[in-house]
Structures are given as C-alpha cells and as structure tokens.
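Engineer: So I've got this file, run.cif, and it contains mmCIF, N, CA and C atoms:
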data_structure
loop_
_atom_site.label_atom_id
_atom_site.label_comp_id
_atom_site.auth_asym_id
_atom_site.auth_seq_id
_atom_site.Cartn_x
_atom_site.Cartn_y
_atom_site.Cartn_z
N THR A 7 0.31 18.40 78.93
CA THR A 7 -0.50 18.26 77.74
C THR A 7 -1.97 18.58 78.02
N LEU A 8 -2.49 18.13 79.15
CA LEU A 8 -3.90 18.36 79.47
C LEU A 8 -4.14 19.70 80.14
N GLY A 9 -3.09 20.33 80.63
CA GLY A 9 -3.24 21.61 81.31
C GLY A 9 -3.14 21.44 82.82
N SER A 10 -3.32 22.53 83.52
CA SER A 10 -3.16 22.49 84.98
C SER A 10 -4.31 21.73 85.63
N GLY A 11 -4.02 21.18 86.78
CA GLY A 11 -5.04 20.47 87.55
C GLY A 11 -5.15 18.99 87.25
N TRP A 12 -4.43 18.50 86.26
CA TRP A 12 -4.49 17.08 85.90
C TRP A 12 -3.37 16.32 86.59
N ARG A 13 -3.70 15.10 87.04
CA ARG A 13 -2.68 14.24 87.63
C ARG A 13 -2.89 12.81 87.16
N GLU A 14 -1.79 12.11 87.00
CA GLU A 14 -1.89 10.70 86.61
C GLU A 14 -2.28 9.90 87.85
N ILE A 15 -3.37 9.12 87.74
CA ILE A 15 -3.82 8.32 88.88
C ILE A 15 -3.51 6.83 88.69
N ASP A 16 -3.19 6.42 87.48
CA ASP A 16 -2.83 5.03 87.25
C ASP A 16 -2.13 4.92 85.91
N SER A 17 -1.17 4.01 85.84
CA SER A 17 -0.55 3.64 84.57
C SER A 17 0.07 2.27 84.78
N SER A 18 -0.06 1.44 83.77
CA SER A 18 0.45 0.08 83.87
C SER A 18 0.31 -0.61 82.52
N VAL A 19 0.29 -1.94 82.60
CA VAL A 19 0.11 -2.80 81.43
C VAL A 19 -1.08 -3.70 81.72
N ASN A 20 -1.97 -3.85 80.73
CA ASN A 20 -3.10 -4.76 80.89
C ASN A 20 -2.72 -6.20 80.61
N GLY A 21 -1.92 -6.43 79.59
CA GLY A 21 -1.59 -7.78 79.20
C GLY A 21 -2.70 -8.42 78.38
N GLU A 22 -2.39 -9.56 77.82
CA GLU A 22 -3.37 -10.28 76.98
C GLU A 22 -4.59 -10.70 77.79
N TRP A 23 -4.36 -11.19 79.00
CA TRP A 23 -5.46 -11.70 79.82
C TRP A 23 -6.46 -10.60 80.17
N TYR A 24 -5.97 -9.44 80.64
CA TYR A 24 -6.88 -8.37 81.01
C TYR A 24 -7.56 -7.77 79.78
N THR A 25 -6.87 -7.74 78.65
CA THR A 25 -7.49 -7.28 77.41
C THR A 25 -8.69 -8.17 77.08
N TYR A 26 -8.50 -9.47 77.23
CA TYR A 26 -9.61 -10.42 77.04
C TYR A 26 -10.73 -10.14 78.04
N LEU A 27 -10.39 -9.92 79.31
CA LEU A 27 -11.41 -9.68 80.33
C LEU A 27 -12.23 -8.42 80.06
N ILE A 28 -11.57 -7.38 79.55
CA ILE A 28 -12.30 -6.15 79.21
C ILE A 28 -13.39 -6.46 78.19
N LEU A 29 -13.01 -7.23 77.17
CA LEU A 29 -13.97 -7.55 76.10
C LEU A 29 -15.06 -8.53 76.54
N ALA A 30 -14.70 -9.53 77.33
CA ALA A 30 -15.64 -10.62 77.63
C ALA A 30 -16.32 -10.53 78.99
N TYR A 31 -15.71 -9.82 79.94
CA TYR A 31 -16.24 -9.83 81.30
C TYR A 31 -16.24 -8.46 81.95
N GLY A 32 -16.41 -7.42 81.15
CA GLY A 32 -16.45 -6.07 81.69
C GLY A 32 -17.60 -5.86 82.65
N LEU A 33 -17.55 -4.76 83.36
CA LEU A 33 -18.53 -4.44 84.39
C LEU A 33 -19.97 -4.45 83.88
N ASP A 34 -20.18 -3.94 82.67
CA ASP A 34 -21.53 -3.87 82.09
C ASP A 34 -21.84 -5.19 81.39
N PRO A 35 -22.74 -6.01 81.94
CA PRO A 35 -23.04 -7.30 81.32
C PRO A 35 -23.60 -7.18 79.90
N ASP A 36 -24.22 -6.05 79.58
CA ASP A 36 -24.77 -5.86 78.24
C ASP A 36 -23.70 -5.56 77.19
N ALA A 37 -22.47 -5.29 77.64
CA ALA A 37 -21.39 -4.96 76.71
C ALA A 37 -20.37 -6.08 76.59
N ARG A 38 -20.68 -7.24 77.10
CA ARG A 38 -19.74 -8.35 77.06
C ARG A 38 -19.82 -9.09 75.73
N LEU A 39 -18.65 -9.33 75.14
CA LEU A 39 -18.58 -10.12 73.91
C LEU A 39 -18.52 -11.59 74.26
N ASN A 40 -19.00 -12.42 73.35
CA ASN A 40 -18.91 -13.86 73.60
C ASN A 40 -17.45 -14.30 73.51
N ASP A 41 -17.17 -15.44 74.12
CA ASP A 41 -15.81 -15.95 74.19
C ASP A 41 -15.21 -16.19 72.81
N ALA A 42 -16.04 -16.63 71.86
CA ALA A 42 -15.56 -16.93 70.51
C ALA A 42 -15.06 -15.67 69.79
N THR A 43 -15.51 -14.50 70.23
CA THR A 43 -15.04 -13.24 69.66
C THR A 43 -13.91 -12.64 70.50
N ALA A 44 -14.09 -12.63 71.82
CA ALA A 44 -13.14 -11.95 72.70
C ALA A 44 -11.79 -12.65 72.79
N ARG A 45 -11.79 -13.95 72.89
CA ARG A 45 -10.52 -14.68 73.09
C ARG A 45 -9.58 -14.49 71.89
N PRO A 46 -10.03 -14.77 70.65
CA PRO A 46 -9.10 -14.57 69.53
C PRO A 46 -8.69 -13.10 69.35
N ALA A 47 -9.58 -12.18 69.72
CA ALA A 47 -9.24 -10.76 69.58
C ALA A 47 -8.09 -10.36 70.50
N ALA A 48 -7.98 -10.99 71.66
CA ALA A 48 -6.92 -10.67 72.60
C ALA A 48 -5.65 -11.49 72.37
N GLU A 49 -5.75 -12.60 71.68
CA GLU A 49 -4.62 -13.52 71.55
C GLU A 49 -3.44 -12.96 70.76
N GLY A 50 -3.66 -12.01 69.89
CA GLY A 50 -2.56 -11.45 69.12
C GLY A 50 -1.84 -10.32 69.83
N TRP A 51 -2.13 -10.15 71.13
CA TRP A 51 -1.53 -9.08 71.93
C TRP A 51 -0.02 -9.17 71.89
N GLY A 52 0.62 -8.03 71.62
CA GLY A 52 2.08 -7.99 71.57
C GLY A 52 2.67 -7.01 72.57
N GLY A 53 1.83 -6.36 73.35
CA GLY A 53 2.29 -5.39 74.35
C GLY A 53 1.30 -4.25 74.48
N ASP A 54 1.33 -3.57 75.61
CA ASP A 54 0.44 -2.42 75.78
C ASP A 54 0.92 -1.57 76.94
N SER A 55 0.34 -0.41 77.02
CA SER A 55 0.49 0.46 78.19
C SER A 55 -0.75 1.34 78.23
N TYR A 56 -1.13 1.70 79.45
CA TYR A 56 -2.25 2.62 79.59
C TYR A 56 -1.91 3.64 80.67
N SER A 57 -2.56 4.79 80.58
CA SER A 57 -2.45 5.84 81.59
C SER A 57 -3.84 6.43 81.80
N VAL A 58 -4.14 6.73 83.06
CA VAL A 58 -5.41 7.36 83.42
C VAL A 58 -5.07 8.65 84.16
N PHE A 59 -5.71 9.73 83.74
CA PHE A 59 -5.49 11.04 84.33
C PHE A 59 -6.80 11.56 84.90
N TYR A 60 -6.69 12.32 85.99
CA TYR A 60 -7.89 12.83 86.66
C TYR A 60 -7.68 14.29 87.04
N ASN A 61 -8.76 15.06 86.89
CA ASN A 61 -8.77 16.46 87.30
C ASN A 61 -9.79 16.60 88.42
N ASP A 62 -9.30 16.83 89.64
CA ASP A 62 -10.18 16.91 90.81
C ASP A 62 -11.19 18.04 90.69
N ALA A 63 -10.75 19.23 90.29
CA ALA A 63 -11.63 20.39 90.23
C ALA A 63 -12.76 20.20 89.22
N ALA A 64 -12.44 19.59 88.09
CA ALA A 64 -13.45 19.39 87.04
C ALA A 64 -14.17 18.04 87.17
N ASP A 65 -13.65 17.15 88.03
CA ASP A 65 -14.18 15.78 88.16
C ASP A 65 -14.24 15.10 86.79
N GLU A 66 -13.09 15.14 86.09
CA GLU A 66 -12.98 14.56 84.75
C GLU A 66 -11.84 13.55 84.70
N THR A 67 -12.02 12.54 83.87
CA THR A 67 -11.03 11.48 83.70
C THR A 67 -10.70 11.32 82.22
N VAL A 68 -9.43 11.05 81.93
CA VAL A 68 -8.97 10.77 80.57
C VAL A 68 -8.20 9.45 80.61
N LEU A 69 -8.48 8.58 79.64
CA LEU A 69 -7.80 7.30 79.49
C LEU A 69 -7.09 7.25 78.15
N ALA A 70 -5.87 6.76 78.16
CA ALA A 70 -5.13 6.46 76.93
C ALA A 70 -4.59 5.05 77.06
N ALA A 71 -5.03 4.14 76.19
CA ALA A 71 -4.59 2.75 76.21
C ALA A 71 -4.04 2.39 74.84
N HIS A 72 -2.72 2.17 74.76
CA HIS A 72 -2.04 1.87 73.51
C HIS A 72 -1.69 0.39 73.49
N LEU A 73 -2.17 -0.33 72.50
CA LEU A 73 -1.90 -1.76 72.36
C LEU A 73 -1.14 -2.03 71.08
N VAL A 74 -0.19 -2.94 71.14
CA VAL A 74 0.59 -3.36 69.99
C VAL A 74 0.20 -4.80 69.69
N TRP A 75 0.07 -5.13 68.41
CA TRP A 75 -0.38 -6.46 67.99
C TRP A 75 0.72 -7.17 67.21
N ASP A 76 0.71 -8.49 67.27
CA ASP A 76 1.76 -9.29 66.63
C ASP A 76 1.74 -9.17 65.11
N THR A 77 0.56 -9.10 64.52
CA THR A 77 0.44 -9.05 63.05
C THR A 77 -0.66 -8.08 62.66
N THR A 78 -0.70 -7.74 61.39
CA THR A 78 -1.80 -6.89 60.91
C THR A 78 -3.14 -7.60 61.04
N THR A 79 -3.15 -8.91 60.88
CA THR A 79 -4.39 -9.68 61.06
C THR A 79 -4.87 -9.59 62.50
N ASP A 80 -3.95 -9.67 63.46
CA ASP A 80 -4.30 -9.54 64.87
C ASP A 80 -4.88 -8.16 65.17
N THR A 81 -4.28 -7.14 64.56
CA THR A 81 -4.78 -5.77 64.75
C THR A 81 -6.21 -5.66 64.24
N ALA A 82 -6.45 -6.16 63.04
CA ALA A 82 -7.79 -6.08 62.44
C ALA A 82 -8.80 -6.88 63.26
N GLU A 83 -8.39 -8.02 63.78
CA GLU A 83 -9.29 -8.85 64.58
C GLU A 83 -9.68 -8.14 65.88
N PHE A 84 -8.69 -7.53 66.56
CA PHE A 84 -9.01 -6.79 67.78
C PHE A 84 -9.88 -5.58 67.46
N ALA A 85 -9.53 -4.84 66.42
CA ALA A 85 -10.30 -3.64 66.07
C ALA A 85 -11.76 -3.99 65.78
N ALA A 86 -12.00 -5.07 65.05
CA ALA A 86 -13.38 -5.49 64.76
C ALA A 86 -14.11 -5.85 66.05
N ALA A 87 -13.43 -6.56 66.95
CA ALA A 87 -14.06 -6.94 68.22
C ALA A 87 -14.32 -5.70 69.06
N PHE A 88 -13.38 -4.74 69.07
CA PHE A 88 -13.57 -3.53 69.86
C PHE A 88 -14.72 -2.69 69.31
N LEU A 89 -14.90 -2.67 68.00
CA LEU A 89 -16.03 -1.93 67.43
C LEU A 89 -17.35 -2.54 67.91
N GLU A 90 -17.41 -3.86 67.96
CA GLU A 90 -18.60 -4.53 68.48
C GLU A 90 -18.78 -4.20 69.97
N TYR A 91 -17.70 -4.30 70.72
CA TYR A 91 -17.72 -3.97 72.15
C TYR A 91 -18.16 -2.51 72.36
N GLY A 92 -17.57 -1.60 71.58
CA GLY A 92 -17.91 -0.19 71.70
C GLY A 92 -19.38 0.08 71.42
N ASP A 93 -19.91 -0.56 70.39
CA ASP A 93 -21.33 -0.38 70.08
C ASP A 93 -22.21 -0.85 71.24
N LEU A 94 -21.82 -1.95 71.87
CA LEU A 94 -22.59 -2.46 73.00
C LEU A 94 -22.43 -1.57 74.23
N ARG A 95 -21.23 -1.11 74.48
CA ARG A 95 -20.97 -0.34 75.71
C ARG A 95 -21.34 1.13 75.60
N PHE A 96 -21.04 1.74 74.45
CA PHE A 96 -21.20 3.19 74.33
C PHE A 96 -22.37 3.61 73.45
N GLY A 97 -23.04 2.66 72.82
CA GLY A 97 -24.17 2.98 71.95
C GLY A 97 -23.88 2.53 70.54
N ALA A 98 -24.92 2.06 69.87
CA ALA A 98 -24.76 1.42 68.57
C ALA A 98 -24.26 2.37 67.49
N ALA A 99 -24.38 3.66 67.69
CA ALA A 99 -23.97 4.60 66.64
C ALA A 99 -22.55 5.09 66.90
N HIS A 100 -21.63 4.61 66.11
CA HIS A 100 -20.29 5.18 66.13
C HIS A 100 -19.99 5.72 64.75
N ARG A 101 -19.06 6.64 64.70
CA ARG A 101 -18.73 7.20 63.40
C ARG A 101 -17.24 7.50 63.34
N ALA A 102 -16.75 7.56 62.14
CA ALA A 102 -15.36 7.92 61.92
C ALA A 102 -15.19 9.39 62.26
N ALA A 103 -14.17 9.68 63.05
CA ALA A 103 -13.90 11.07 63.44
C ALA A 103 -12.42 11.21 63.74
N GLY A 104 -11.77 12.12 63.07
CA GLY A 104 -10.36 12.39 63.34
C GLY A 104 -9.44 11.21 63.10
N GLY A 105 -9.82 10.33 62.19
CA GLY A 105 -8.99 9.18 61.89
C GLY A 105 -9.29 7.97 62.75
N GLY A 106 -10.29 8.05 63.62
CA GLY A 106 -10.67 6.93 64.48
C GLY A 106 -12.14 6.62 64.37
N ASP A 107 -12.53 5.55 65.03
CA ASP A 107 -13.94 5.21 65.18
C ASP A 107 -14.34 5.67 66.57
N CYS A 108 -15.34 6.55 66.66
CA CYS A 108 -15.67 7.21 67.92
C CYS A 108 -17.14 7.06 68.29
N TRP A 109 -17.37 7.01 69.59
CA TRP A 109 -18.70 6.99 70.16
C TRP A 109 -18.83 8.24 71.00
N PHE A 110 -19.96 8.93 70.88
CA PHE A 110 -20.18 10.20 71.56
C PHE A 110 -21.37 10.06 72.51
N SER A 111 -21.17 9.31 73.56
CA SER A 111 -22.21 9.08 74.55
C SER A 111 -21.57 9.09 75.91
N GLY A 112 -21.94 10.05 76.75
CA GLY A 112 -21.32 10.15 78.06
C GLY A 112 -19.85 10.47 77.98
N GLY A 113 -19.46 11.26 77.03
CA GLY A 113 -18.07 11.56 76.76
C GLY A 113 -17.71 11.04 75.38
N ILE A 114 -16.44 10.96 75.10
CA ILE A 114 -15.97 10.51 73.80
C ILE A 114 -15.03 9.33 74.00
N ASN A 115 -15.29 8.26 73.30
CA ASN A 115 -14.42 7.09 73.27
C ASN A 115 -14.06 6.85 71.82
N CYS A 116 -12.76 6.79 71.52
CA CYS A 116 -12.32 6.58 70.15
C CYS A 116 -11.29 5.46 70.09
N LEU A 117 -11.38 4.67 69.04
CA LEU A 117 -10.37 3.66 68.74
C LEU A 117 -9.68 4.07 67.46
N PHE A 118 -8.37 4.27 67.55
CA PHE A 118 -7.54 4.60 66.41
C PHE A 118 -6.71 3.35 66.09
N THR A 119 -6.47 3.11 64.81
CA THR A 119 -5.80 1.88 64.39
C THR A 119 -4.71 2.18 63.37
N THR A 120 -3.57 1.51 63.56
CA THR A 120 -2.52 1.48 62.54
C THR A 120 -2.37 0.01 62.14
N SER A 121 -1.38 -0.31 61.34
CA SER A 121 -1.24 -1.69 60.88
C SER A 121 -0.97 -2.66 62.02
N THR A 122 -0.24 -2.25 63.04
CA THR A 122 0.05 -3.17 64.15
C THR A 122 -0.19 -2.53 65.51
N GLY A 123 -1.09 -1.56 65.57
CA GLY A 123 -1.39 -0.94 66.86
C GLY A 123 -2.80 -0.40 66.93
N THR A 124 -3.28 -0.32 68.15
CA THR A 124 -4.57 0.33 68.40
C THR A 124 -4.39 1.28 69.58
N LEU A 125 -5.18 2.33 69.57
CA LEU A 125 -5.15 3.33 70.63
C LEU A 125 -6.58 3.64 71.03
N TRP A 126 -6.91 3.38 72.29
CA TRP A 126 -8.23 3.71 72.82
C TRP A 126 -8.07 4.95 73.67
N LEU A 127 -8.73 6.02 73.26
CA LEU A 127 -8.76 7.25 74.03
C LEU A 127 -10.17 7.50 74.52
N ALA A 128 -10.29 7.85 75.79
CA ALA A 128 -11.59 8.20 76.37
C ALA A 128 -11.42 9.53 77.10
N ALA A 129 -12.33 10.46 76.81
CA ALA A 129 -12.26 11.78 77.42
C ALA A 129 -13.67 12.35 77.52
N PRO A 130 -13.88 13.25 78.45
CA PRO A 130 -15.21 13.85 78.58
C PRO A 130 -15.50 14.92 77.52
N ARG A 131 -14.43 15.47 76.95
CA ARG A 131 -14.59 16.55 75.96
C ARG A 131 -13.61 16.36 74.81
N GLN A 132 -14.01 16.83 73.62
CA GLN A 132 -13.18 16.71 72.42
C GLN A 132 -11.83 17.39 72.59
N ALA A 133 -11.80 18.54 73.24
CA ALA A 133 -10.54 19.28 73.39
C ALA A 133 -9.50 18.46 74.15
N LEU A 134 -9.93 17.68 75.13
CA LEU A 134 -9.00 16.85 75.88
C LEU A 134 -8.49 15.69 75.02
N LEU A 135 -9.37 15.08 74.27
CA LEU A 135 -8.96 14.01 73.36
C LEU A 135 -7.97 14.55 72.33
N ASP A 136 -8.27 15.73 71.81
CA ASP A 136 -7.39 16.36 70.82
C ASP A 136 -6.02 16.70 71.40
N ALA A 137 -5.94 16.97 72.71
CA ALA A 137 -4.67 17.28 73.34
C ALA A 137 -3.81 16.03 73.51
N VAL A 138 -4.42 14.87 73.74
CA VAL A 138 -3.70 13.62 73.99
C VAL A 138 -3.27 12.94 72.70
N LEU A 139 -4.09 12.98 71.68
CA LEU A 139 -3.82 12.25 70.44
C LEU A 139 -2.44 12.50 69.85
N PRO A 140 -1.93 13.73 69.81
CA PRO A 140 -0.59 13.94 69.21
C PRO A 140 0.55 13.25 69.96
N LEU A 141 0.30 12.80 71.18
CA LEU A 141 1.33 12.09 71.94
C LEU A 141 1.57 10.69 71.38
N TYR A 142 0.71 10.26 70.48
CA TYR A 142 0.79 8.93 69.87
C TYR A 142 0.94 9.08 68.36
N PRO A 143 2.16 9.36 67.89
CA PRO A 143 2.39 9.56 66.45
C PRO A 143 1.93 8.34 65.64
N GLY A 144 1.34 8.63 64.51
CA GLY A 144 0.88 7.58 63.62
C GLY A 144 -0.61 7.28 63.77
N PHE A 145 -1.20 7.76 64.85
CA PHE A 145 -2.64 7.56 65.04
C PHE A 145 -3.36 8.85 64.70
N GLY A 146 -4.61 8.75 64.30
CA GLY A 146 -5.38 9.93 63.95
C GLY A 146 -5.14 10.35 62.52
N LEU A 147 -5.51 11.55 62.23
CA LEU A 147 -5.35 12.08 60.88
C LEU A 147 -3.89 12.26 60.54
N PRO A 148 -3.53 12.01 59.28
CA PRO A 148 -2.12 12.18 58.88
C PRO A 148 -1.70 13.64 58.91
#
Translate the structure described by the file into structure tokens.

Structural biologist:
Amino acid sequence: TLGSGWREIDSSVNGEWYTYLILAYGLDPDARLNDATARPAAEGWGGDSYSVFYNDAADETVLAAHLVWDTTTDTAEFAAAFLEYGDLRFGAAHRAAGGGDCWFSGGINCLFTTSTGTLWLAAPRQALLDAVLPLYPGFGLP
C-alpha cells in the first residue's frame, strides 16, 4: 500500500490503560490532558490495534491506530478528548480534511471517527495518508 521501501516496525494493541497514558502522560508535558478528561475518554475502550511503518531511505514513519469503543457516547467522549490532545500536541489549529480532523504541523495527524470507532493516522505527507486510509473502510469521505 505504501510502496517499496516500507517495512512494518511495530504492531500490537494499546489497551485501555495505554490509551489513557497517551492522553494523560505522553512524552510532551505540554500536551498532557488532565485526569478528569483523559480517564473517562479511555474508559469506553472496546479494542484496538496499531501498526507503525518505516522507510529507511526516506527516514519517514507512518502510524495507523484503530480504536473501537463500547458505545457511541464513548466514541464521542474519546474524540473530544483527542481533539483537545491534538491541539496541545500538534498545534491549536486543526481543520476538517478528508472526513477527519487533521493537524498539519511536522507532518499530518488526522483523527477519523465513526459511530463506534476512531482512527488516528499520522504520516509525513498527504499521499501516504491517502494510501493508508482506504484500508479502513467506513472512515474518511464516503
């Protein structure tokens, strides 16, 4: 999907606990959400998987993290918390793009949402994000 030179360097499950840690205790202290926001946002976790791909020649990384939520309320709660997190981590200006909420600072980070799922894609270029998005039916533009 990404073309030649790409290899998967990690794939696994974050779980509810690590999802909470990303929001509340991430590496950048300026992007940490308070516990009252982060904990309930992660509590509706119903499953997830992520994959990270790397291209040695281009020194580029792509992340795809798909999360499933127990209810539509849980999805909305996580999405709202992630938008706050994204504004803190990637810059206060995000905009709707391609059916997601995206930040264009140091690459592209987008959160796509369905009724019971969220998809976080991070890529250095739009073309790479556009190549990965179709692998997740139901996210992005109809």

Engineer: Taking all atoms of segment 57-68 of chain A that appear in the file, build a box with edges along x, y and z, extend it by 5 Å on every side, and state its centre and edge lengths in Å to one decimal, as lines of an AutoDock Vina configuration file.

Structural biologist:
center_x = -8.3
center_y = 12.6
center_z = 85.7
size_x = 21.8
size_y = 25.6
size_z = 20.2

Engineer: What's the separation between atom N of Asn40 of chain A and atom CA of Tyr56 of chain A, in Å to one decimal place?

Structural biologist: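 Going from atom N of Asn40 of chain A over to atom CA of Tyr56 of chain A covers 23.4 Å.
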
Engineer: Env of segment 127-144 of chain A: 7 Å cut, atoms = only N, CA and C atoms, seq-sep filter 4 positions within chain, self excluded. Answer as a ChimeraX atom specification.

Structural biologist: /A:7-8,66-71,112-120

Engineer: What is the atom C of Arg95 of chain A-atom C of Asp80 of chain A distance in Å, reported with one decimal?

Structural biologist: 21.6 Å

Engineer: Determine the residue set returned by the PyMOL selection byres ((chain A and resi 37) around 8) for the present structure, and present it as a count of residues only.

Structural biologist: 19

Engineer: Just the strand (DSSP E or B) stuff from chain A, please, per backbone DSSP, written as a count of residues only.

Structural biologist: 49

Engineer: Quick one: of A:Trp109, A:Trp51, A:Tyr26, A:Trp12, who's nearest to His72 of chain A, counting only C-alpha atoms?

Structural biologist: A:Trp51

Engineer: Do you know which residues the PyMOL selection byres (((chain A and resi 78 and name CA) around 12) and name CA) returns on this file, as a list of chain:residue names?

Structural biologist: A:Gly50, A:Trp51, A:Gly52, A:Val74, A:Trp75, A:Asp76, A:Thr77, A:Thr79, A:Asp80, A:Thr81, A:Ala82, A:Glu83, A:Phe84, A:Ala85, A:Thr119, A:Thr120, A:Ser121, A:Thr122, A:Gly123, A:Thr124

Engineer: Measure the distance from atom CA of Phe59 of chain A to atom C of Ile15 of chain A in Å and round it to one decimal.

Structural biologist: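 So the answer is 6.4 Å.
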
Engineer: Would you return as an MDAnalysis selection string the members of segment 15-108 of chain A that DSSP assigns to helix (DSSP H, G or I) on this structure's backbone?

Structural biologist: chainID A and resid 21:31 35:37 41:49 78:96

Engineer: Measuring between only N, CA and C atoms, which one of A:Ala48, A:Asn61, A:Thr43, A:Gly11 shows the shortest distance to Tyr24 of chain A?

Structural biologist: A:Ala48

Engineer: Just checking: using all atoms listed in the file, which residue out of A:Ala99, A:Phe145, A:Leu89, A:Tyr60 ends up closest to Asp16 of chain A?

Structural biologist: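 Among the listed residues, A:Tyr60 lies closest to Asp16 of chain A.
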
Engineer: Would you mind telling me which residue in A:Leu73, A:Glu22, A:Ala87, A:Phe110 lies nearest to Asp41 of chain A when using only C-alpha atoms?

Structural biologist: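 Of all the options, A:Ala87 lies closest to Asp41 of chain A.
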